[in-house]
>>> print(open('upload.json').read())   # JSON, C-alpha atoms and all ligand atoms
[["chain", "number", "residue", "atom", "x", "y", "z"],
["A", 1, "MET", "CA", 91.76, 95.03, 107.54],
["A", 2, "ARG", "CA", 90.37, 92.32, 105.27],
["A", 3, "PRO", "CA", 87.51, 92.48, 102.73],
["A", 4, "GLY", "CA", 84.05, 91.89, 104.21],
["A", 5, "PRO", "CA", 81.06, 90.26, 102.47],
["A", 6, "ALA", "CA", 80.07, 93.45, 100.67],
["A", 7, "GLY", "CA", 83.65, 94.32, 99.80],
["A", 8, "THR", "CA", 83.91, 96.83, 102.64],
["A", 9, "PRO", "CA", 86.96, 96.40, 104.84],
["A", 10, "VAL", "CA", 86.42, 94.60, 108.17],
["A", 11, "ALA", "CA", 88.88, 95.31, 110.97],
["A", 12, "ASP", "CA", 90.46, 92.28, 112.59],
["A", 13, "ALA", "CA", 89.48, 91.73, 116.22],
["A", 14, "VAL", "CA", 93.18, 91.93, 117.08],
["A", 15, "SER", "CA", 95.96, 93.11, 114.86],
["A", 16, "CYS", "CA", 99.59, 93.32, 116.01],
["A", 17, "THR", "CA", 102.39, 94.41, 113.73],
["A", 18, "ARG", "CA", 106.03, 94.08, 114.76],
["A", 19, "LEU", "CA", 105.03, 94.37, 118.42],
["A", 20, "ALA", "CA", 108.07, 94.33, 120.71],
["A", 21, "TYR", "CA", 108.34, 94.53, 124.49],
["A", 22, "ALA", "CA", 111.43, 94.18, 126.66],
["A", 23, "PHE", "CA", 111.91, 93.75, 130.40],
["A", 24, "GLY", "CA", 115.43, 95.11, 130.81],
["A", 25, "ASP", "CA", 117.61, 92.86, 128.67],
["A", 26, "THR", "CA", 114.86, 90.25, 128.18],
["A", 27, "LEU", "CA", 113.07, 90.69, 124.87],
["A", 28, "ALA", "CA", 109.77, 89.11, 125.90],
["A", 29, "VAL", "CA", 107.96, 89.97, 122.65],
["A", 30, "ASP", "CA", 110.21, 90.27, 119.64],
["A", 31, "GLY", "CA", 108.48, 91.56, 116.52],
["A", 32, "LEU", "CA", 105.11, 89.84, 116.90],
["A", 33, "ASP", "CA", 102.77, 89.89, 113.89],
["A", 34, "LEU", "CA", 99.32, 88.60, 114.75],
["A", 35, "ALA", "CA", 95.85, 88.90, 113.21],
["A", 36, "VAL", "CA", 92.81, 87.48, 115.00],
["A", 37, "ARG", "CA", 89.72, 87.52, 112.79],
["A", 38, "GLN", "CA", 86.33, 88.54, 114.08],
["A", 39, "GLY", "CA", 84.36, 85.61, 115.47],
["A", 40, "GLU", "CA", 87.13, 83.04, 115.62],
["A", 41, "VAL", "CA", 88.69, 81.22, 118.57],
["A", 42, "PHE", "CA", 92.38, 81.89, 118.20],
["A", 43, "GLY", "CA", 94.92, 80.02, 120.30],
["A", 44, "LEU", "CA", 98.23, 81.65, 121.12],
["A", 45, "LEU", "CA", 100.33, 78.65, 122.03],
["A", 46, "GLY", "CA", 103.77, 78.26, 123.46],
["A", 47, "PRO", "CA", 105.88, 77.10, 126.37],
["A", 48, "ASN", "CA", 106.40, 79.19, 129.50],
["A", 49, "GLY", "CA", 108.47, 82.24, 128.70],
["A", 50, "ALA", "CA", 107.40, 82.41, 125.03],
["A", 51, "GLY", "CA", 106.00, 85.91, 125.57],
["A", 52, "LYS", "CA", 102.27, 85.09, 125.49],
["A", 53, "THR", "CA", 101.26, 86.97, 128.66],
["A", 54, "THR", "CA", 103.35, 90.01, 127.76],
["A", 55, "ALA", "CA", 101.73, 90.19, 124.31],
["A", 56, "ILE", "CA", 98.27, 89.78, 125.87],
["A", 57, "ARG", "CA", 98.98, 92.56, 128.36],
["A", 58, "CYS", "CA", 99.94, 94.90, 125.51],
["A", 59, "ILE", "CA", 96.70, 94.00, 123.69],
["A", 60, "THR", "CA", 94.61, 94.67, 126.82],
["A", 61, "THR", "CA", 96.40, 98.05, 127.31],
["A", 62, "LEU", "CA", 97.75, 96.96, 130.70],
["A", 63, "LEU", "CA", 101.24, 97.38, 129.25],
["A", 64, "PRO", "CA", 102.24, 100.15, 126.83],
["A", 65, "VAL", "CA", 103.15, 99.43, 123.21],
["A", 66, "PRO", "CA", 106.79, 100.55, 123.06],
["A", 67, "ALA", "CA", 107.39, 99.34, 119.49],
["A", 68, "GLY", "CA", 105.09, 98.26, 116.67],
["A", 69, "THR", "CA", 101.31, 98.62, 116.67],
["A", 70, "VAL", "CA", 98.36, 96.93, 118.36],
["A", 71, "GLY", "CA", 94.79, 97.33, 117.07],
["A", 72, "VAL", "CA", 91.54, 96.02, 118.56],
["A", 73, "PHE", "CA", 88.60, 96.20, 116.12],
["A", 74, "GLY", "CA", 90.50, 98.99, 114.39],
["A", 75, "HIS", "CA", 91.20, 100.98, 117.57],
["A", 76, "ASP", "CA", 94.83, 101.75, 118.35],
["A", 77, "ALA", "CA", 95.73, 100.29, 121.76],
["A", 78, "ALA", "CA", 98.37, 102.99, 122.33],
["A", 79, "LYS", "CA", 96.15, 105.96, 121.46],
["A", 80, "GLU", "CA", 92.60, 104.81, 122.26],
["A", 81, "ARG", "CA", 93.05, 102.86, 125.46],
["A", 82, "MET", "CA", 89.56, 103.41, 126.84],
["A", 83, "ALA", "CA", 87.88, 102.47, 123.55],
["A", 84, "VAL", "CA", 89.93, 99.26, 123.47],
["A", 85, "ARG", "CA", 89.18, 98.44, 127.11],
["A", 86, "ARG", "CA", 85.45, 98.78, 126.54],
["A", 87, "LEU", "CA", 85.56, 96.15, 123.79],
["A", 88, "LEU", "CA", 87.26, 93.40, 125.72],
["A", 89, "GLY", "CA", 86.86, 91.05, 128.63],
["A", 90, "TYR", "CA", 90.05, 89.69, 130.16],
["A", 91, "VAL", "CA", 90.68, 86.66, 132.34],
["A", 92, "PRO", "CA", 94.27, 87.10, 133.53],
["A", 93, "GLN", "CA", 96.71, 84.31, 134.28],
["A", 94, "GLN", "CA", 96.84, 85.48, 137.88],
["A", 95, "LEU", "CA", 93.89, 85.07, 140.20],
["A", 96, "SER", "CA", 91.38, 87.92, 139.79],
["A", 97, "ALA", "CA", 88.55, 86.81, 142.12],
["A", 98, "ASP", "CA", 88.33, 87.84, 145.77],
["A", 99, "SER", "CA", 87.88, 84.87, 148.12],
["A", 100, "GLY", "CA", 86.22, 87.07, 150.76],
["A", 101, "LEU", "CA", 83.32, 88.05, 148.49],
["A", 102, "THR", "CA", 80.50, 85.92, 147.16],
["A", 103, "GLY", "CA", 80.45, 84.96, 143.51],
["A", 104, "ARG", "CA", 77.70, 87.50, 142.88],
["A", 105, "GLU", "CA", 79.61, 90.28, 144.67],
["A", 106, "ASN", "CA", 82.73, 89.53, 142.64],
["A", 107, "VAL", "CA", 80.86, 89.80, 139.36],
["A", 108, "ALA", "CA", 78.97, 92.93, 140.54],
["A", 109, "LEU", "CA", 82.32, 94.59, 141.23],
["A", 110, "PHE", "CA", 83.37, 94.05, 137.62],
["A", 111, "ALA", "CA", 79.98, 95.27, 136.37],
["A", 112, "ARG", "CA", 80.58, 98.53, 138.23],
["A", 113, "VAL", "CA", 84.17, 98.92, 137.06],
["A", 114, "PHE", "CA", 83.13, 98.27, 133.45],
["A", 115, "ASP", "CA", 80.29, 100.79, 133.54],
["A", 116, "VAL", "CA", 77.40, 98.39, 133.13],
["A", 117, "PRO", "CA", 74.41, 100.76, 133.58],
["A", 118, "ARG", "CA", 73.16, 100.69, 137.17],
["A", 119, "ARG", "CA", 69.59, 99.69, 136.18],
["A", 120, "GLU", "CA", 70.85, 96.65, 134.27],
["A", 121, "ARG", "CA", 73.52, 95.55, 136.71],
["A", 122, "ALA", "CA", 71.65, 93.03, 138.86],
["A", 123, "GLU", "CA", 70.16, 91.31, 135.84],
["A", 124, "ARG", "CA", 73.43, 91.25, 133.87],
["A", 125, "VAL", "CA", 75.34, 89.87, 136.89],
["A", 126, "GLY", "CA", 72.76, 87.11, 137.25],
["A", 127, "GLN", "CA", 72.97, 86.31, 133.55],
["A", 128, "ALA", "CA", 76.77, 86.15, 133.59],
["A", 129, "LEU", "CA", 76.72, 83.79, 136.60],
["A", 130, "ALA", "CA", 74.09, 81.60, 134.95],
["A", 131, "ALA", "CA", 76.09, 81.51, 131.71],
["A", 132, "VAL", "CA", 79.00, 79.86, 133.52],
["A", 133, "GLY", "CA", 76.84, 77.49, 135.57],
["A", 134, "LEU", "CA", 77.23, 79.30, 138.89],
["A", 135, "ALA", "CA", 73.64, 80.43, 139.50],
["A", 136, "ASP", "CA", 73.21, 78.04, 142.43],
["A", 137, "ALA", "CA", 76.56, 78.91, 144.02],
["A", 138, "ALA", "CA", 76.29, 82.66, 143.39],
["A", 139, "ASP", "CA", 75.72, 83.62, 147.03],
["A", 140, "ARG", "CA", 78.48, 81.49, 148.52],
["A", 141, "LEU", "CA", 81.88, 82.97, 149.30],
["A", 142, "ALA", "CA", 84.31, 82.44, 146.42],
["A", 143, "GLY", "CA", 86.67, 81.03, 149.03],
["A", 144, "THR", "CA", 84.50, 77.91, 149.16],
["A", 145, "TYR", "CA", 84.68, 77.32, 145.38],
["A", 146, "SER", "CA", 86.70, 74.57, 143.68],
["A", 147, "GLY", "CA", 89.46, 75.57, 141.25],
["A", 148, "GLY", "CA", 87.16, 75.01, 138.26],
["A", 149, "MET", "CA", 84.41, 77.12, 139.82],
["A", 150, "VAL", "CA", 86.86, 79.96, 140.49],
["A", 151, "ARG", "CA", 87.92, 79.90, 136.88],
["A", 152, "ARG", "CA", 84.28, 80.01, 135.77],
["A", 153, "LEU", "CA", 83.66, 82.89, 138.19],
["A", 154, "GLU", "CA", 86.52, 84.78, 136.56],
["A", 155, "LEU", "CA", 84.92, 84.03, 133.21],
["A", 156, "ALA", "CA", 81.64, 85.55, 134.46],
["A", 157, "GLN", "CA", 83.56, 88.64, 135.64],
["A", 158, "ALA", "CA", 84.99, 89.06, 132.14],
["A", 159, "LEU", "CA", 81.64, 88.40, 130.44],
["A", 160, "VAL", "CA", 79.46, 90.77, 132.47],
["A", 161, "SER", "CA", 80.41, 93.75, 130.29],
["A", 162, "ALA", "CA", 79.29, 91.79, 127.15],
["A", 163, "PRO", "CA", 82.70, 92.09, 125.47],
["A", 164, "ARG", "CA", 83.16, 91.65, 121.72],
["A", 165, "LEU", "CA", 86.55, 90.12, 122.40],
["A", 166, "LEU", "CA", 87.24, 87.71, 125.26],
["A", 167, "ILE", "CA", 90.90, 87.26, 126.15],
["A", 168, "LEU", "CA", 91.82, 84.35, 128.36],
["A", 169, "ASP", "CA", 95.35, 83.75, 129.62],
["A", 170, "GLU", "CA", 95.84, 80.07, 130.50],
["A", 171, "PRO", "CA", 92.17, 79.60, 131.46],
["A", 172, "THR", "CA", 92.47, 75.92, 132.31],
["A", 173, "ILE", "CA", 95.95, 75.67, 133.82],
["A", 174, "GLY", "CA", 96.03, 73.45, 136.88],
["A", 175, "LEU", "CA", 92.44, 72.20, 136.45],
["A", 176, "ASP", "CA", 91.45, 68.55, 136.26],
["A", 177, "PRO", "CA", 90.14, 67.29, 132.89],
["A", 178, "ILE", "CA", 86.47, 67.56, 133.85],
["A", 179, "ALA", "CA", 86.85, 71.14, 135.09],
["A", 180, "ARG", "CA", 88.83, 71.98, 131.93],
["A", 181, "THR", "CA", 86.02, 70.69, 129.74],
["A", 182, "GLY", "CA", 83.52, 72.66, 131.86],
["A", 183, "VAL", "CA", 85.37, 75.93, 131.28],
["A", 184, "TRP", "CA", 85.50, 75.32, 127.52],
["A", 185, "ASP", "CA", 81.84, 74.30, 127.32],
["A", 186, "HIS", "CA", 80.82, 77.60, 128.90],
["A", 187, "ILE", "CA", 83.13, 79.65, 126.67],
["A", 188, "ASN", "CA", 81.69, 77.95, 123.61],
["A", 189, "ALA", "CA", 78.08, 78.39, 124.71],
["A", 190, "VAL", "CA", 78.54, 82.15, 125.21],
["A", 191, "ARG", "CA", 80.38, 82.40, 121.94],
["A", 192, "ALA", "CA", 77.62, 80.60, 120.08],
["A", 193, "ALA", "CA", 75.04, 82.94, 121.61],
["A", 194, "THR", "CA", 76.93, 86.21, 121.04],
["A", 195, "GLY", "CA", 79.43, 85.71, 118.21],
["A", 196, "MET", "CA", 82.21, 87.16, 120.34],
["A", 197, "THR", "CA", 85.82, 86.63, 119.34],
["A", 198, "VAL", "CA", 88.06, 84.59, 121.66],
["A", 199, "LEU", "CA", 91.82, 84.92, 122.04],
["A", 200, "VAL", "CA", 93.19, 82.28, 124.38],
["A", 201, "THR", "CA", 96.68, 81.32, 125.46],
["A", 202, "THR", "CA", 97.49, 77.82, 126.55],
["A", 203, "HIS", "CA", 100.29, 75.35, 126.64],
["A", 204, "TYR", "CA", 97.87, 72.43, 126.51],
["A", 205, "MET", "CA", 98.21, 71.44, 122.87],
["A", 206, "ASP", "CA", 95.36, 68.90, 123.02],
["A", 207, "GLU", "CA", 92.95, 71.64, 124.10],
["A", 208, "ALA", "CA", 94.07, 73.96, 121.34],
["A", 209, "ASP", "CA", 93.61, 71.16, 118.82],
["A", 210, "GLN", "CA", 90.07, 70.54, 120.00],
["A", 211, "TYR", "CA", 88.76, 74.06, 120.58],
["A", 212, "CYS", "CA", 90.69, 76.57, 118.46],
["A", 213, "ASP", "CA", 89.78, 77.53, 114.89],
["A", 214, "ARG", "CA", 93.34, 78.70, 114.27],
["A", 215, "VAL", "CA", 96.50, 78.66, 116.34],
["A", 216, "GLY", "CA", 99.74, 80.61, 116.34],
["A", 217, "LEU", "CA", 102.74, 78.80, 117.77],
["A", 218, "MET", "CA", 104.76, 81.35, 119.70],
["A", 219, "HIS", "CA", 108.38, 80.81, 120.64],
["A", 220, "ARG", "CA", 110.88, 83.41, 121.82],
["A", 221, "GLY", "CA", 108.59, 86.37, 121.32],
["A", 222, "ARG", "CA", 107.30, 85.66, 117.84],
["A", 223, "ILE", "CA", 104.80, 83.49, 115.95],
["A", 224, "ARG", "CA", 106.71, 80.65, 114.33],
["A", 225, "ALA", "CA", 103.81, 78.81, 112.67],
["A", 226, "LEU", "CA", 100.20, 79.73, 111.97],
["A", 227, "GLY", "CA", 97.16, 77.87, 110.72],
["A", 228, "THR", "CA", 94.32, 75.58, 111.70],
["A", 229, "PRO", "CA", 95.46, 72.71, 113.91],
["A", 230, "ALA", "CA", 94.61, 70.28, 111.10],
["A", 231, "GLU", "CA", 96.62, 72.26, 108.54],
["A", 232, "LEU", "CA", 99.69, 72.41, 110.74],
["A", 233, "ARG", "CA", 99.52, 68.68, 111.50],
["A", 234, "ARG", "CA", 99.02, 67.72, 107.84],
["A", 235, "ASP", "CA", 101.89, 69.98, 106.76],
["A", 236, "LEU", "CA", 104.24, 68.29, 109.19],
["A", 237, "ALA", "CA", 103.09, 64.82, 108.09],
["A", 238, "GLU", "CA", 103.87, 65.79, 104.50],
["A", 239, "ARG", "CA", 107.27, 67.20, 105.36],
["A", 240, "GLN", "CA", 108.16, 64.11, 107.35],
["A", 241, "GLY", "CA", 106.58, 61.74, 104.83],
["A", 242, "THR", "CA", 104.83, 59.83, 107.62],
["A", 243, "ASP", "CA", 101.47, 58.05, 107.50],
["A", 244, "THR", "CA", 100.48, 58.66, 111.10],
["A", 245, "LEU", "CA", 99.22, 62.20, 111.70],
["A", 246, "PRO", "CA", 101.52, 64.01, 114.14],
["A", 247, "THR", "CA", 100.06, 65.86, 117.14],
["A", 248, "LEU", "CA", 100.11, 69.63, 117.57],
["A", 249, "GLU", "CA", 102.84, 69.11, 120.15],
["A", 250, "ASP", "CA", 104.92, 67.34, 117.46],
["A", 251, "VAL", "CA", 104.35, 70.36, 115.22],
["A", 252, "PHE", "CA", 105.57, 72.68, 117.94],
["A", 253, "ARG", "CA", 108.68, 70.60, 118.57],
["A", 254, "ASP", "CA", 109.40, 70.68, 114.86],
["A", 255, "VAL", "CA", 108.90, 74.44, 114.62],
["A", 256, "ALA", "CA", 110.80, 75.40, 117.74],
["A", 257, "GLY", "CA", 113.50, 72.77, 117.34],
["A", 258, "SER", "CA", 115.90, 71.98, 120.12],
["A", 259, "GLY", "CA", 115.56, 75.57, 121.34],
["A", 260, "LEU", "CA", 112.49, 74.47, 123.28],
["A", 261, "ASP", "CA", 114.70, 72.70, 125.76],
["A", 262, "ASP", "CA", 116.79, 75.79, 126.45],
["A", 263, "HIS", "CA", 114.23, 77.21, 128.85],
["A", 264, "SER", "CA", 115.01, 76.31, 132.41],
["A", 265, "GLY", "CA", 112.57, 73.56, 133.22],
["A", 266, "GLY", "CA", 110.86, 74.42, 129.94],
["A", 267, "GLY", "CA", 108.62, 72.36, 127.72],
["A", 268, "PHE", "CA", 104.90, 72.06, 127.65],
["A", 269, "ARG", "CA", 104.54, 70.17, 130.87],
["A", 270, "ASP", "CA", 106.38, 72.70, 132.98],
["A", 271, "VAL", "CA", 104.09, 73.40, 135.88],
["A", 272, "ARG", "CA", 106.23, 76.07, 137.50],
["A", 273, "SER", "CA", 103.68, 78.79, 136.91],
["A", 274, "THR", "CA", 100.62, 76.63, 137.51],
["A", 275, "ARG", "CA", 98.04, 78.75, 139.18],
["A", 276, "ARG", "CA", 97.65, 77.64, 142.73],
["A", 277, "THR", "CA", 93.99, 78.45, 142.64],
["A", 278, "ALA", "CA", 92.93, 75.59, 144.86],
["A", 279, "ARG", "CA", 95.46, 76.49, 147.51],
["A", 280, "ARG", "CA", 94.85, 80.23, 147.40],
["A", 281, "VAL", "CA", 91.10, 80.26, 147.14],
["A", 282, "GLY", "CA", 89.44, 76.86, 147.09],
["B", 1, "LIG", "N1", 107.53, 91.53, 135.07],
["B", 1, "LIG", "C1", 108.58, 90.96, 134.45],
["B", 1, "LIG", "N2", 109.85, 91.34, 134.72],
["B", 1, "LIG", "C2", 110.90, 90.79, 134.09],
["B", 1, "LIG", "N3", 110.81, 89.81, 133.15],
["B", 1, "LIG", "C3", 109.58, 89.38, 132.84],
["B", 1, "LIG", "C4", 108.41, 89.92, 133.48],
["B", 1, "LIG", "N4", 107.32, 89.28, 132.95],
["B", 1, "LIG", "C5", 107.80, 88.40, 132.06],
["B", 1, "LIG", "N5", 109.15, 88.45, 131.98],
["B", 1, "LIG", "C6", 110.00, 87.63, 131.09],
["B", 1, "LIG", "O1", 109.55, 87.82, 129.76],
["B", 1, "LIG", "C7", 109.55, 86.58, 129.05],
["B", 1, "LIG", "C8", 108.16, 86.27, 128.56],
["B", 1, "LIG", "O2", 107.30, 86.04, 129.66],
["B", 1, "LIG", "P1", 105.74, 85.85, 129.52],
["B", 1, "LIG", "O3", 105.21, 86.89, 128.61],
["B", 1, "LIG", "O4", 105.18, 85.75, 130.87],
["B", 1, "LIG", "O5", 105.66, 84.44, 128.75],
["B", 1, "LIG", "P2", 104.52, 83.32, 128.76],
["B", 1, "LIG", "O6", 103.24, 83.96, 129.15],
["B", 1, "LIG", "O7", 104.52, 82.80, 127.36],
["B", 1, "LIG", "O8", 104.94, 82.26, 129.73],
["B", 1, "LIG", "C9", 110.13, 85.55, 130.01],
["B", 1, "LIG", "O9", 111.51, 85.43, 129.78],
["B", 1, "LIG", "C10", 109.85, 86.17, 131.36],
["B", 1, "LIG", "O10", 110.80, 85.71, 132.31],
["B", 2, "MG", "MG", 101.89, 83.50, 130.62]]
>>> encode(input="upload.json", output="structure tokens")
Amino acid sequence: MRPGPAGTPVADAVSCTRLAYAFGDTLAVDGLDLAVRQGEVFGLLGPNGAGKTTAIRCITTLLPVPAGTVGVFGHDAAKERMAVRRLLGYVPQQLSADSGLTGRENVALFARVFDVPRRERAERVGQALAAVGLADAADRLAGTYSGGMVRRLELAQALVSAPRLLILDEPTIGLDPIARTGVWDHINAVRAATGMTVLVTTHYMDEADQYCDRVGLMHRGRIRALGTPAELRRDLAERQGTDTLPTLEDVFRDVAGSGLDDHSGGGFRDVRSTRRTARRVG
């Protein structure tokens, strides 16, 4: 909670305290503290294996919360799972569109699952498709879409329930620069129109720098640095006493130290887990 304009407390859109999650011996999330404020675009950044997806899956209630707490607009993700689910739209790292359905059918499926009232469904599906620039392609099979179109279709699926919080896990991975910009333009347009909060994971530091209000640099299951991209870059410049402003990637290397190279094939440019959207669908 933080004080609102009238002094009344305002719940953060997402609030994690000492969240921990282990797969066997692997501590994927290791005491994560995270607060995403209402209305901001927050970037959870980090190399593959940092624990971003695991943390996101705890926040979306797809994984339990074995240790610590997770709150979404003040609702406890462990105790009020349905309330939390109703507040959020989620674009997972893995492909969530069906190539054998049209774009419109894919979005309609999500509208049904997320309890969009039957009377409003057709209109809301059309609006969601239009919001991501897919109105003209809506009645084509998703299997004919390009990688960028598939990602925008998944965005429409997540938006059709009019979520207050949109969570995107690596929304632009594997896309070309023009398609990446397209995805961000549509996210920002919806956000400007609705005021929804956005929590996004990425390992593209340039994107985070451009589009995120604040970022948390995650490494080995925990946030290691937090702030606006400009703050983090200025801080590092001051510490290093350099004139040229370092990049966000420089900041991450400084924060994570040599440990970044411990991950097998690690680093920001690791494409091991690149979504093979084009191959699987397009
Ligand atoms: N289903 C799983 N079973 C076992 N280990 C997993 C599983 N999912 C993730 N991990 C491990 O947990 C750690 C964090 O993974 P993940 O949350 O996917 O990180 P990120 O999204 O930042 O790449 C990694 O070491 C990964 O290998
Ligand atoms: Mg991930």
>>> closest_residue(input="upload.json", among="A:Met205, A:Glu249, A:Gly221, A:Val10", to="Ala22 of chain A", atoms="only C-alpha atoms")
A:Gly221
>>> closest_residue(input="upload.json", among="A:Gly31, A:Gly74, A:Pro246, A:Gly241", to="Ser15 of chain A", atoms="all atoms listed in the file")
A:Gly74
>>> closest_residue(input="upload.json", among="A:Arg152, A:His203, A:Arg253, A:Arg164", to="ligand MG 2 (chain B)", atoms="all atoms listed in the file")
A:His203
>>> residues_around(input="upload.json", residues="Leu168 of chain A", least_positions_apart="6", cutoff="8 Å", atoms="all atoms listed in the file", output="ChimeraX atom specification")
/A:90-93,198-201
>>> closest_residue(input="upload.json", among="A:Leu19, A:Ala67, A:Leu248, A:Ala156", to="Ala111 of chain A", atoms="all atoms listed in the file")
A:Ala156
>>> closest_atom_pairs(input="upload.json", of="chain A", to="ligand MG 2 (chain B)", cutoff="8 Å", atoms="all atoms listed in the file", output="JSON lines")
{"residue": "A:Asn48", "atom": "CA", "partner": "B:MG2", "partner_atom": "MG", "distance": 6.3}
{"residue": "A:Gly49", "atom": "CA", "partner": "B:MG2", "partner_atom": "MG", "distance": 7.0}
{"residue": "A:Ala50", "atom": "CA", "partner": "B:MG2", "partner_atom": "MG", "distance": 7.9}
{"residue": "A:Gly51", "atom": "CA", "partner": "B:MG2", "partner_atom": "MG", "distance": 6.9}
{"residue": "A:Lys52", "atom": "CA", "partner": "B:MG2", "partner_atom": "MG", "distance": 5.4}
{"residue": "A:Thr53", "atom": "CA", "partner": "B:MG2", "partner_atom": "MG", "distance": 4.0}
{"residue": "A:Thr54", "atom": "CA", "partner": "B:MG2", "partner_atom": "MG", "distance": 7.3}
{"residue": "A:Gln93", "atom": "CA", "partner": "B:MG2", "partner_atom": "MG", "distance": 6.4}
{"residue": "A:Asp169", "atom": "CA", "partner": "B:MG2", "partner_atom": "MG", "distance": 6.6}
{"residue": "A:Glu170", "atom": "CA", "partner": "B:MG2", "partner_atom": "MG", "distance": 7.0}
{"residue": "A:Thr201", "atom": "CA", "partner": "B:MG2", "partner_atom": "MG", "distance": 7.6}
>>> closest_residue(input="upload.json", among="A:Val183, A:Leu217, A:Leu166, A:Ala193", to="ligand LIG 1 (chain B)", atoms="all atoms listed in the file")
A:Leu217
>>> residues_around(input="upload.json", residues="segment 81-88 of chain A", least_positions_apart="3", cutoff="8 Å", atoms="only C-alpha atoms", output="list of chain:residue names")
A:Thr60, A:Thr61, A:Val72, A:His75, A:Asp76, A:Ala77, A:Ala78, A:Phe114, A:Pro163, A:Arg164, A:Leu165, A:Leu166, A:Ile167
>>> closest_residue(input="upload.json", among="A:Asp12, A:Asp98, A:Glu120, A:Asp25", to="ligand LIG 1 (chain B)", atoms="only C-alpha atoms and all ligand atoms")
A:Asp25
>>> residues_around(input="upload.json", residues="Ala13 of chain A", least_positions_apart="5", cutoff="6 Å", atoms="all atoms listed in the file", output="ChimeraX atom specification")
/A:36-38,72-73
>>> axis_aligned_box(input="upload.json", around="ligand LIG 1 (chain B)", padding_each_side="8 Å", output="JSON")
{"center_x": 107.4, "center_y": 86.9, "center_z": 131.2, "size_x": 24.3, "size_y": 25.3, "size_z": 23.7}
